[in-house]
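K.L.:
Below: one structure in structure tokens.
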Amino acid sequence: MKNDLKECSPEICSLSWGHMKVQGCSSSYKDCKVWPGGSRAWDWRETGTNHNPGVQPADLEEVLKNGVDLLVIGRGMREAQTVRLFTVTEESHSSPVV
């Protein structure tokens with residue numbers, strides 16, 4: 001019998017200001033990206049992300065390449081992180097974006 005279960009993204013076990021603990025990872029993150037089977041630190045400097053201009057399409061590429069069915073973009077503890085419509089529409093052709 002074929003196993004039709006897809007691999008899930010690791011669970012975020014705990015979350016507080018500047019500290020995220022992800023299931024299966026021995027270290028904690030300040031900010032992170034998770035996808036089915038993995039996670040890593042999210043360094044905003046890689047793509048010039050900041051609260052404004054916000055999440056960049058390039059920030060999402062790695063996660064989308066790892067096979068997500070649904071993309072959730074967090075806005076931070078106080079929802080200060082912006083997500084421009086361009087970013088969502090640019091990436092929505094790959095996976096539904098929430």
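The chains in the structure tokens are called A, B, ... from first to last as shown; in each chain the residues are counted from 1, and the ligands are counted from 1 in the order shown.
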Could you tell me, as a ChimeraX atom specification, which residues of chain A DSSP assigns to alpha helix (DSSP H) when given the backbone?

P.N.:
/A:57-65,85-91

K.L.:
With only C-alpha atoms as the counted atoms, please give the residues lying no more than 8 Å from A:His51, apart from itself and same-chain residues fewer than 6 positions off, as a list in words.

P.N.:
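That gives Ala80, Gln81 and Thr82 of chain A.
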
K.L.:
Have a look at atom CA of A:Thr47 and atom CA of A:Glu7 and let me know their distance in Å, one decimal.

P.N.:
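Between atom CA of A:Thr47 and atom CA of A:Glu7 the gap is 27.7 Å.
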
K.L.:
Quick one: pull the distance between atom CA of A:Gly24 and atom CA of A:Val68, Å, one decimal.

P.N.:
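Atom CA of A:Val68 lies at a distance of 18.3 Å from atom CA of A:Gly24.
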
K.L.:
Identify, with DSSP run on backbone atoms, the residues in chain A assigned to strand (DSSP E), and express the list as a list in words.

P.N.:
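Written out, the strand (DSSP E) residues of chain A are Ile12, Cys13, Ser14, Leu15, Ser16, His19, Met20, Lys21, Val22, Ser28, Tyr29, Cys32, Lys33, Val34, Trp35, Gly38, Ser39, Arg40 and Ala41 of chain A.
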
K.L.:
What separation in Å, quoted to one decimal, exists between atom CA of A:Asn66 and atom CA of A:Val34?

P.N.:
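Between atom CA of A:Asn66 and atom CA of A:Val34 the gap works out to 9.4 Å.
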
K.L.:
I'd like the contact shell of A:Pro10 - 8 Å cut-off, only C-alpha atoms, skipping same-chain residues fewer than 2 positions apart - returned as an mmCIF file with N, CA, C and O atoms, in the first residue's frame.

P.N.:
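Below is the file that was written, result.cif:
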data_model
loop_
_atom_site.group_PDB
_atom_site.id
_atom_site.type_symbol
_atom_site.label_atom_id
_atom_site.label_comp_id
_atom_site.auth_asym_id
_atom_site.auth_seq_id
_atom_site.Cartn_x
_atom_site.Cartn_y
_atom_site.Cartn_z
ATOM 1 N N CYS A 8 5.408 16.983 6.894
ATOM 2 C CA CYS A 8 4.919 18.254 7.429
ATOM 3 C C CYS A 8 6.081 19.150 7.822
ATOM 4 O O CYS A 8 7.186 18.684 8.077
ATOM 5 N N ILE A 12 6.486 24.784 15.560
ATOM 6 C CA ILE A 12 7.111 25.812 16.391
ATOM 7 C C ILE A 12 6.644 25.521 17.811
ATOM 8 O O ILE A 12 5.460 25.668 18.138
ATOM 9 N N VAL A 22 12.053 25.398 17.460
ATOM 10 C CA VAL A 22 11.416 24.593 16.423
ATOM 11 C C VAL A 22 11.691 23.116 16.695
ATOM 12 O O VAL A 22 12.817 22.727 17.019
ATOM 13 N N GLN A 23 10.661 22.312 16.561
ATOM 14 C CA GLN A 23 10.752 20.867 16.779
ATOM 15 C C GLN A 23 11.891 20.266 15.950
ATOM 16 O O GLN A 23 12.038 20.562 14.769
ATOM 17 N N GLY A 24 12.715 19.451 16.594
ATOM 18 C CA GLY A 24 13.796 18.758 15.908
ATOM 19 C C GLY A 24 15.053 19.575 15.716
ATOM 20 O O GLY A 24 16.006 19.110 15.107
ATOM 21 N N VAL A 34 10.488 27.849 8.075
ATOM 22 C CA VAL A 34 10.250 26.411 8.205
ATOM 23 C C VAL A 34 9.562 25.907 6.947
ATOM 24 O O VAL A 34 8.834 26.643 6.283
ATOM 25 N N TRP A 35 9.819 24.652 6.624
ATOM 26 C CA TRP A 35 9.227 24.002 5.465
ATOM 27 C C TRP A 35 9.189 22.515 5.743
ATOM 28 O O TRP A 35 9.802 22.050 6.706
ATOM 29 N N PRO A 36 8.496 21.742 4.936
ATOM 30 C CA PRO A 36 8.429 20.306 5.181
ATOM 31 C C PRO A 36 9.830 19.686 5.277
ATOM 32 O O PRO A 36 10.611 19.761 4.336
ATOM 33 N N GLY A 37 10.155 19.192 6.459
ATOM 34 C CA GLY A 37 11.432 18.523 6.672
ATOM 35 C C GLY A 37 12.585 19.408 7.097
ATOM 36 O O GLY A 37 13.706 18.925 7.235
ATOM 37 N N GLY A 38 12.362 20.699 7.333
ATOM 38 C CA GLY A 38 13.501 21.524 7.701
ATOM 39 C C GLY A 38 13.161 22.901 8.226
ATOM 40 O O GLY A 38 12.017 23.336 8.218
ATOM 41 N N SER A 39 14.211 23.565 8.671
ATOM 42 C CA SER A 39 14.091 24.951 9.137
ATOM 43 C C SER A 39 15.488 25.560 9.135
ATOM 44 O O SER A 39 16.490 24.846 9.102
#

K.L.:
List as a count of residues only the protein and nucleic acid residues near stretch 57-62 of chain A, meaning an atom at most 12 Å away when only C-alpha atoms are counted, but skip any in the same chain fewer than 2 places from it.

P.N.:
44
